[in-house]
Amino acid sequence: MSDKPSVSDRVVAAGFAAGWTLVPLLPERPTAAVFRFMADRVWRKGGRSVSRLETNLARVTGLAPGSRELRELSKAGMRSYFRYFHEIFRLPKMSTEEIVRRSHVIGAEHVHDNVAAGRGVVLALPHMGNWDQAGAWLVGVGHPFTTVAERLKPESLFRRYVRFRESLGMEVLPLTGGDGHNFGTLATRVRKGGVVCLPAERDLTKSGVEVEFFGATTKVPAGPPLLAVQTGAALLPAIVYSVGDDWGIHIHEEVPVPAEGTRQEKVTAVAQGLVGVFEKGIAEHPEDWHMLQRLWLEDLRP
């Protein structure tokens, strides 16, 4: 099978290239309005992504499928999703001072205190709000970090995304196609007292950990809980959401590692504790949860 990018892949890559080139040159409010318009248009057309978003939101909120309340929530969700892209196109031109000033953070001391004590930190996040902005804030307050990025198609788009994140001060490891030593690299970083940030509620590998999430079984990445178990790093759940035109970040207290049990039992317990915090954060800010894919095992079955 050819790895040559499809026409749609090339169009998407060209759109992102134009976004990073043109959007920062234009006034913020008019371009934000354009992205809201595009979000509303995609929402009205429906389609697979909007349908999946509504199905996921119905599960986490209890709203009835097809109800007016759920439809309004999915509209707000699509606006939040498109807002993310508008903001990442502007982010490279935004000053560190503005990013820090507009970030309303709860629990920053959990990162500062652990790093000051020489202890590594693993920040685990669901796909919410603008996680790239949250990363820029973290770098801006003195904590450059390492993360892992999904390998997007085409390759040119993936490389552009990596350059974008590196320009914000992140070290980016590819999820696939690298040297195969991601976990070892991450473990080295936190053992040296560094910071690692990882998405943690959707497993993109075949080695995820089964947990109960909003009353049904799903798999989450093993990396964050395994790093905490094997290295002693502090695993801190972080919830990212919108606060008006600004951003909110809630860094929660450390998820404890059980003193007893096998390594797998400890990893499972830590993963379950982690998603328990995610449940609360998603329930409080469902419009900022960008889950447009199948997530629960029962939804993945043919």
# chains A, B, ... in the order shown; residues from 1 in each chain; ligands from 1
$ closest_atom_pairs --of "range 92-168 of chain A" --to "range 243-250 of chain A" --cutoff "10 Å" --atoms "only C-alpha atoms" --output "JSON lines"
{"residue": "A:Ile99", "atom": "CA", "partner": "A:Asp246", "partner_atom": "CA", "distance": 8.9}
{"residue": "A:Val100", "atom": "CA", "partner": "A:Trp247", "partner_atom": "CA", "distance": 9.7}
{"residue": "A:Arg101", "atom": "CA", "partner": "A:Asp246", "partner_atom": "CA", "distance": 9.0}
{"residue": "A:Arg102", "atom": "CA", "partner": "A:Asp246", "partner_atom": "CA", "distance": 5.2}
{"residue": "A:Ser103", "atom": "CA", "partner": "A:Trp247", "partner_atom": "CA", "distance": 5.0}
{"residue": "A:His104", "atom": "CA", "partner": "A:Gly248", "partner_atom": "CA", "distance": 4.8}
{"residue": "A:Val105", "atom": "CA", "partner": "A:Ile249", "partner_atom": "CA", "distance": 4.7}
{"residue": "A:Ile106", "atom": "CA", "partner": "A:His250", "partner_atom": "CA", "distance": 4.7}
{"residue": "A:Gly107", "atom": "CA", "partner": "A:His250", "partner_atom": "CA", "distance": 6.1}
{"residue": "A:Ala108", "atom": "CA", "partner": "A:His250", "partner_atom": "CA", "distance": 8.0}
{"residue": "A:Gly129", "atom": "CA", "partner": "A:Trp247", "partner_atom": "CA", "distance": 7.9}
{"residue": "A:Asn130", "atom": "CA", "partner": "A:Trp247", "partner_atom": "CA", "distance": 7.8}
{"residue": "A:Trp131", "atom": "CA", "partner": "A:Ile249", "partner_atom": "CA", "distance": 9.3}
{"residue": "A:Gln133", "atom": "CA", "partner": "A:Trp247", "partner_atom": "CA", "distance": 8.1}
{"residue": "A:Ala134", "atom": "CA", "partner": "A:Ile249", "partner_atom": "CA", "distance": 7.0}
{"residue": "A:Trp137", "atom": "CA", "partner": "A:Ile249", "partner_atom": "CA", "distance": 9.5}
$ residues_around --residues "range 51-65 of chain A" --least-positions-apart "5" --cutoff "9 Å" --atoms "only C-alpha atoms" --output "VMD selection string"
chain A and resid 46 70 to 71 73 to 74 77 to 78 213 to 215 279 282 to 283 286 to 287 289 to 296
$ write_last_selection --atoms "C-alpha atoms" --output "PDB file, in the first residue's frame"
ATOM      1  CA  GLY A  46     -23.950  16.821  11.294  1.00  0.00           C
ATOM      2  CA  LEU A  70     -27.722  17.876  23.991  1.00  0.00           C
ATOM      3  CA  ARG A  71     -27.802  19.560  20.594  1.00  0.00           C
ATOM      4  CA  LEU A  73     -24.122  21.311  24.126  1.00  0.00           C
ATOM      5  CA  SER A  74     -22.662  19.695  21.012  1.00  0.00           C
ATOM      6  CA  GLY A  77     -18.482  21.661  21.885  1.00  0.00           C
ATOM      7  CA  MET A  78     -17.797  22.227  18.190  1.00  0.00           C
ATOM      8  CA  PHE A 213     -15.131   5.655  32.971  1.00  0.00           C
ATOM      9  CA  PHE A 214     -18.571   7.231  33.308  1.00  0.00           C
ATOM     10  CA  GLY A 215     -20.071   3.827  34.074  1.00  0.00           C
ATOM     11  CA  GLU A 279     -14.761  12.410  35.187  1.00  0.00           C
ATOM     12  CA  ILE A 282     -15.318  16.681  32.116  1.00  0.00           C
ATOM     13  CA  ALA A 283     -18.659  16.791  33.939  1.00  0.00           C
ATOM     14  CA  PRO A 286     -18.386  19.103  28.996  1.00  0.00           C
ATOM     15  CA  GLU A 287     -18.407  21.686  26.202  1.00  0.00           C
ATOM     16  CA  TRP A 289     -14.125  17.983  25.956  1.00  0.00           C
ATOM     17  CA  HIS A 290     -12.975  17.372  22.378  1.00  0.00           C
ATOM     18  CA  MET A 291     -13.782  13.679  22.045  1.00  0.00           C
ATOM     19  CA  LEU A 292     -14.992  13.194  18.492  1.00  0.00           C
ATOM     20  CA  GLN A 293     -13.880   9.557  18.347  1.00  0.00           C
ATOM     21  CA  ARG A 294     -15.170   6.261  19.710  1.00  0.00           C
ATOM     22  CA  LEU A 295     -13.865   5.773  23.242  1.00  0.00           C
ATOM     23  CA  TRP A 296     -15.697   3.042  25.167  1.00  0.00           C
TER      24      TRP A 296
END
$ closest_residue --among "A:Arg202, A:Glu155, A:Glu166, A:Phe278" --to "Ser6 in chain A" --atoms "only C-alpha atoms"
A:Glu155
$ residues_around --residues "Ala136 in chain A" --least-positions-apart "5" --cutoff "9 Å" --atoms "only C-alpha atoms" --output "CSV table (one decimal) with N, CA, C and O atoms, in the first residue's frame"
chain,number,residue,atom,x,y,z
A,91,LEU,N,-1.0,31.3,18.6
A,91,LEU,CA,-0.1,31.1,19.8
A,91,LEU,C,1.4,31.4,19.5
A,91,LEU,O,2.0,32.0,20.4
A,96,THR,N,4.9,35.4,25.9
A,96,THR,CA,4.9,34.6,27.1
A,96,THR,C,4.1,35.3,28.2
A,96,THR,O,3.3,34.7,28.9
A,99,ILE,N,0.4,35.0,27.6
A,99,ILE,CA,-0.1,33.6,27.8
A,99,ILE,C,-0.2,33.4,29.3
A,99,ILE,O,-1.2,32.8,29.8
A,100,VAL,N,0.8,33.8,30.1
A,100,VAL,CA,0.8,33.6,31.6
A,100,VAL,C,-0.3,34.4,32.2
A,100,VAL,O,-1.1,33.9,33.1
A,131,TRP,N,-4.9,22.4,25.1
A,131,TRP,CA,-3.7,21.8,25.8
A,131,TRP,C,-2.4,22.3,25.4
A,131,TRP,O,-1.5,22.3,26.1
A,141,VAL,N,6.2,29.5,32.9
A,141,VAL,CA,6.5,29.7,34.3
A,141,VAL,C,7.7,28.8,34.7
A,141,VAL,O,7.9,28.6,35.9
A,144,PRO,N,9.9,23.7,31.2
A,144,PRO,CA,9.9,23.0,29.9
A,144,PRO,C,9.7,21.5,30.1
A,144,PRO,O,10.1,21.0,31.2
A,165,ARG,N,5.1,22.9,18.3
A,165,ARG,CA,5.2,22.6,19.7
A,165,ARG,C,6.6,22.8,20.2
A,165,ARG,O,6.8,23.3,21.3
A,168,LEU,N,7.2,26.4,21.1
A,168,LEU,CA,6.7,26.8,22.4
A,168,LEU,C,7.5,26.3,23.6
A,168,LEU,O,7.3,26.7,24.7
A,169,GLY,N,8.6,25.5,23.3
A,169,GLY,CA,9.5,25.0,24.4
A,169,GLY,C,9.3,23.6,24.8
A,169,GLY,O,9.9,23.2,25.8
A,170,MET,N,8.5,22.8,24.0
A,170,MET,CA,8.3,21.4,24.3
A,170,MET,C,9.3,20.5,23.6
A,170,MET,O,9.7,20.8,22.5
$ residues_around --residues "Gly223 in chain A" --least-positions-apart "2" --cutoff "9 Å" --atoms "only C-alpha atoms" --output "ChimeraX atom specification"
/A:183,198,200,208,220-221,225-228
$ atom_distance --atom1 "CA of Thr231 in chain A" --atom2 "CA of Thr217 in chain A"
27.2 Å
$ select_by_dssp --residues "range 7-238 of chain A" --states "alpha helix (DSSP H)" --output "PyMOL selection string"
chain A and resi 7-22+28-45+48-61+68-90+96-101+109-116+131-140+155-167+182-191+223-231
$ select_by_dssp --residues "range 104-176 of chain A" --states "strand (DSSP E)" --output "list in words"
His104, Val105, Ile106, Val121, Val122, Leu123, Ala124, Leu125, Phe145, Thr146, Thr147, Val148, Ala149, Glu171, Val172, Leu173 and Pro174 of chain A
